[in-house]
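The structure appears right after this line, and notes come after that.
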Amino acid sequence: MSSMNIGDISVQPVYDGYLTFPVEADYPAEGSPDYEAHRDSLQSDGRRRMTLGSFLIRLPQCPDRIILVDAGNGPSSGQLFRPGACDCPEHAHPDIKAYHDAHHMDGAARQRHLDWLSQTESRYGNLLDSLAARGVRPEQVTDVVLSHLHFDHIGWVSQNGAPAFPNATIRAAQKDIDHFLQPQQMIDDRMYQAAWGVLPTAERLAPVMDRIESWDGDVTLFPGLDAVATPGHTPGHSIFVLSSGEKRGMLLGDVVHCPLQLTDPDFSVMADIDQQLANRQRERVYREMVGDPNLAVAASHFPGLRFGRILEGAGRSGWTFVS
Ligand SMILES: [Zn+2]
Ligand SMILES: [Zn+2]
């Protein structure tokens with residue numbers, strides 16, 4: 001995976017794994033320009049493969065800092081997680097049943113959800129190896145900055161009940177801490193655990209609660225690295241803006257899961273907690289990109305964790321990768 005420089009700021013992708021799932025009904029038709037631009041995301045069986053990973057940041061004004069933006073999906077023995085599709089009384093997983101009950105899903109909706117789950121696959125657990133390949137040991141990481149607290153962005157904050165980065169401060173928006181530590185969140189989190197083996201957010205964060213520093217709204221975290229509140233996907237979701245001279249880079253978290261969401265505003269991927277607000281955040285990012293040839297963006301689920309920009313004058317179909 002190729003590195004990117006935003007002026008004097010170094011940004012290196014750190015791969016953790018992937019999640020495979022069926023393509024959405026409104027995915028662009030084969031042969032269309034949008035389809036070609038997103039061919040990298042599709043497997044030969046037609047399903048979409050979403051990268052899971054983080055970004056390693058070095059800021060010229062903070063030479064003693066080694067910063068991770070997001071923390072991947074988390075530790076795993078390397079096995080492939082492949083959920084089954086059966087909800088019959090003998091085989092139903094109690095945590096998946098509890099999720100269906102809590103969301104008042106009728107028989108057809110339960111089966112649709114189970115069918116969807118059964119077409120997903122996830123494999124992860126590579127983040128520390130990917131960091132080592134970049135020459136970074138866990139104890140060297142000074143800061144882990146979280147876009148939001150979904151399991152696939154916080155997975156490596158802890159391992160075996162202890163901090164995975166023993167010297168790191170964990171930084172997160174207070175609104176997401178408040179949201180994800182509510183007891184009812186555990187119902188959704190246990191479903192994800194049953195499907196893909198990921199720990200609930202409250203359990204993943206427990207070993208690092210005493211080393212979390214939270215923020216509210218828009219803040220400068222370090223010279224050249226700002227957090228900007230972009231609620232919608234989650235209540236405390238933030239994007240990160242890297243600035244060096246006239247160059248800017250944005251790490252978009254889950255404001256977009258796929259570049260197609262920037263060029264096709266109606267295309268939806270994963271559920272956002274507040275869909276309308278999330279749509280507005282995507283439109284806001286798109287407008288910033290169109291107006292600024294010095295701005296490149298990447299997100300935690302982009303294929304290859306690559307950066308891209310909107311070509312000047314190319315309009316909605318102008319997405320191009322630049323790293
Ligand atoms: Zn998310
Ligand atoms: Zn995500």
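Residue numbering restarts at 1 for every chain of the structure tokens, chains are lettered A, B, ... in their displayed order, and ligands are numbered from 1 as they appear.
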
Practice prompt. Write out as number ranges by chain each polymer residue (protein, DNA or RNA) that has an atom no more than 8 Å from ligand 2, with only C-alpha atoms and all ligand atoms counted.
Written response: A: 52, 150-153, 253-254, 257, 300-301

Only C-alpha atoms, please: the residues just picked out, written as a PDB file, in the first residue's frame.
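selection-v2.pdb was written with the following content:
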ATOM      1  CA  LEU A  52     -10.178  -2.553   7.240  1.00  0.00           C
ATOM      2  CA  HIS A 150     -17.581   1.413  15.717  1.00  0.00           C
ATOM      3  CA  PHE A 151     -15.776  -1.898  16.285  1.00  0.00           C
ATOM      4  CA  ASP A 152     -13.941  -1.730  12.945  1.00  0.00           C
ATOM      5  CA  HIS A 153     -12.162   1.517  13.916  1.00  0.00           C
ATOM      6  CA  GLY A 253     -13.534   7.885   8.726  1.00  0.00           C
ATOM      7  CA  ASP A 254     -16.942   6.503   7.753  1.00  0.00           C
ATOM      8  CA  HIS A 257     -17.269   3.933   2.847  1.00  0.00           C
ATOM      9  CA  SER A 300     -10.587   3.726   6.371  1.00  0.00           C
ATOM     10  CA  HIS A 301     -12.517   1.499   3.939  1.00  0.00           C
TER      11      HIS A 301
END

Discussion item. Please list as a ChimeraX atom specification every residue within 9 Å of stretch 122-129 of chain A, counting only C-alpha atoms and excluding residues in the same chain fewer than 5 positions away.
Written reply: /A:14-21,52-54,71-82,134,136-138,155-156,196

Discussion item. What's the separation between atom CA of A:Thr142 and atom CA of A:Ala168, in Å to one decimal place?
Written reply: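 Going from atom CA of A:Thr142 over to atom CA of A:Ala168, I get 4.2 Å.
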
Practice prompt. Can you work out which one of A:Ser214, A:Thr234, A:Asn294, A:Ser2 has the shortest atom-to-atom distance to ligand 1, counting only C-alpha atoms and all ligand atoms?
Written response: A:Thr234

Discussion item. Can you tell me which residues surround A:Phe307 at a distance of at most 8 Å, considering only C-alpha atoms, apart from same-chain residues fewer than 2 positions away, and format the answer as a VMD selection string?
Written reply: chain A and resid 4 296 to 299 305 309 321 to 323

Please write the residues from the selection above to a file, keeping N, CA and C atoms, as a compact mmCIF listing (two decimals), in the first residue's frame.
# COMPACT_ATOMS: atom_id res chain seq x y z
N MET A 4 1.59 8.47 1.24
CA MET A 4 1.14 9.73 0.66
C MET A 4 1.77 10.85 1.46
N ALA A 296 -6.64 16.28 -1.06
CA ALA A 296 -6.81 14.85 -1.37
C ALA A 296 -7.46 14.19 -0.15
N VAL A 297 -8.29 13.19 -0.38
CA VAL A 297 -8.99 12.54 0.73
C VAL A 297 -8.80 11.03 0.67
N ALA A 298 -8.86 10.42 1.86
CA ALA A 298 -8.85 8.96 1.96
C ALA A 298 -9.79 8.59 3.11
N ALA A 299 -10.17 7.31 3.17
CA ALA A 299 -11.02 6.85 4.27
C ALA A 299 -10.65 5.42 4.62
N LEU A 305 -6.65 1.67 0.92
CA LEU A 305 -6.51 2.86 1.77
C LEU A 305 -5.88 4.02 0.98
N ARG A 309 -8.81 12.41 -5.42
CA ARG A 309 -9.38 13.76 -5.49
C ARG A 309 -10.38 13.82 -6.64
N PHE A 321 -7.95 8.27 -8.17
CA PHE A 321 -7.00 7.95 -7.11
C PHE A 321 -5.67 8.64 -7.40
N VAL A 322 -5.01 9.11 -6.34
CA VAL A 322 -3.73 9.81 -6.53
C VAL A 322 -2.61 9.18 -5.71
N SER A 323 -2.86 8.10 -5.00
CA SER A 323 -1.76 7.44 -4.27
C SER A 323 -1.79 5.95 -4.55

Worksheet item: With only C-alpha atoms and all ligand atoms as the basis for distance, which of A:Gln261, A:Gln193, A:Gln159, A:Ser147 is at the shortest distance from ligand 1?
Response: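 Distance minimum relative to ligand 1 lands on A:Ser147.
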
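Each of A:Asp115, A:Thr230, A:Leu311, A:Leu242 was checked against A:Arg282 using only C-alpha atoms; the smallest atom-to-atom distance is that of A:Thr230.
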
As a PDB file with C-alpha atoms, in the first residue's frame, which residues of stretch 54-288 of chain A does DSSP assign to strand (DSSP E)?
ATOM      1  CA  SER A  54      -5.676   2.705   9.805  1.00  0.00           C
ATOM      2  CA  PHE A  55      -3.323   5.545   8.899  1.00  0.00           C
ATOM      3  CA  LEU A  56       0.078   6.218  10.421  1.00  0.00           C
ATOM      4  CA  ILE A  57       0.784   9.949  10.634  1.00  0.00           C
ATOM      5  CA  ARG A  58       4.029  11.818  11.202  1.00  0.00           C
ATOM      6  CA  ILE A  67       0.058   8.947  15.548  1.00  0.00           C
ATOM      7  CA  LEU A  68      -2.410   6.309  14.397  1.00  0.00           C
ATOM      8  CA  VAL A  69      -5.718   7.507  12.978  1.00  0.00           C
ATOM      9  CA  GLU A 121     -16.805 -12.912   5.194  1.00  0.00           C
ATOM     10  CA  SER A 122     -14.231 -11.200   7.347  1.00  0.00           C
ATOM     11  CA  ARG A 123     -10.567 -11.805   8.008  1.00  0.00           C
ATOM     12  CA  TYR A 124      -8.420  -9.431  10.001  1.00  0.00           C
ATOM     13  CA  ASP A 143      -1.447   8.682  20.107  1.00  0.00           C
ATOM     14  CA  VAL A 144      -4.398   6.749  18.710  1.00  0.00           C
ATOM     15  CA  VAL A 145      -6.978   9.181  17.315  1.00  0.00           C
ATOM     16  CA  SER A 158      -6.574  -3.306  23.372  1.00  0.00           C
ATOM     17  CA  GLN A 159      -5.494  -6.933  23.103  1.00  0.00           C
ATOM     18  CA  ALA A 162      -4.486  -4.882  28.044  1.00  0.00           C
ATOM     19  CA  PRO A 163      -3.627  -1.776  25.996  1.00  0.00           C
ATOM     20  CA  THR A 169      -3.061   8.237  24.637  1.00  0.00           C
ATOM     21  CA  ILE A 170      -6.412   7.277  23.080  1.00  0.00           C
ATOM     22  CA  ARG A 171      -8.270  10.301  21.699  1.00  0.00           C
ATOM     23  CA  ALA A 172     -11.989  10.282  20.856  1.00  0.00           C
ATOM     24  CA  ALA A 173     -15.019  12.590  20.673  1.00  0.00           C
ATOM     25  CA  ILE A 212      -8.731   8.283  26.927  1.00  0.00           C
ATOM     26  CA  GLU A 213      -8.625  12.021  26.313  1.00  0.00           C
ATOM     27  CA  SER A 214     -11.857  13.244  24.776  1.00  0.00           C
ATOM     28  CA  TRP A 215     -12.751  16.324  22.757  1.00  0.00           C
ATOM     29  CA  VAL A 219     -10.412  21.038  17.774  1.00  0.00           C
ATOM     30  CA  THR A 220      -6.764  21.248  16.771  1.00  0.00           C
ATOM     31  CA  LEU A 221      -5.302  18.009  18.166  1.00  0.00           C
ATOM     32  CA  PHE A 222      -1.744  18.747  16.995  1.00  0.00           C
ATOM     33  CA  LEU A 225      -3.964  17.831  12.499  1.00  0.00           C
ATOM     34  CA  ASP A 226      -7.498  19.074  13.223  1.00  0.00           C
ATOM     35  CA  ALA A 227     -10.604  17.097  14.173  1.00  0.00           C
ATOM     36  CA  VAL A 228     -13.817  18.376  12.556  1.00  0.00           C
ATOM     37  CA  ALA A 229     -17.179  17.225  13.914  1.00  0.00           C
ATOM     38  CA  SER A 238     -15.135  13.318  13.272  1.00  0.00           C
ATOM     39  CA  ILE A 239     -12.991  13.679  10.192  1.00  0.00           C
ATOM     40  CA  PHE A 240      -9.337  14.697  10.394  1.00  0.00           C
ATOM     41  CA  VAL A 241      -7.825  17.495   8.357  1.00  0.00           C
ATOM     42  CA  LEU A 242      -4.080  17.466   7.709  1.00  0.00           C
ATOM     43  CA  SER A 243      -2.593  20.833   6.687  1.00  0.00           C
ATOM     44  CA  SER A 244       0.898  21.626   5.443  1.00  0.00           C
ATOM     45  CA  LYS A 247      -1.696  21.254   0.783  1.00  0.00           C
ATOM     46  CA  ARG A 248      -4.520  19.576   2.675  1.00  0.00           C
ATOM     47  CA  GLY A 249      -5.545  16.006   3.253  1.00  0.00           C
ATOM     48  CA  MET A 250      -8.696  14.655   4.848  1.00  0.00           C
ATOM     49  CA  LEU A 251      -9.148  11.302   6.545  1.00  0.00           C
TER      50      LEU A 251
END

Practice prompt. Would you work out the distance separating atom CA of A:Gly308 from atom CA of A:His237, expressed in Å to one decimal?
Written response: 21.1 Å

Worksheet item: Which is closer to A:Ile9 than all the others in A:Pro223, A:Val208, A:Asp216, A:Gly46, using only C-alpha atoms?
Response: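 Residue with the minimum atom-to-atom distance to A:Ile9: A:Pro223.
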
Discussion item. Nearest residue to A:Leu260 out of A:Gln184, A:Gln119, A:Ser41, A:Gln174, using only C-alpha atoms?
Written reply: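 Nearest to A:Leu260: A:Ser41.
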
Practice prompt. Could you pull out the residues in stretch 149-261 of chain A that DSSP calls helix (DSSP H, G or I) from the backbone, as a ChimeraX atom specification?
Written response: /A:151-154,174-180,185-196,201-211,260-261

Item to complete: Could you jot down the atom CA of A:Pro60 to atom CA of A:Gln140 separation for me, Å, one decimal place?
Response: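 Taking atom CA of A:Pro60 as the start and atom CA of A:Gln140 as the end point, the length is 16.6 Å.
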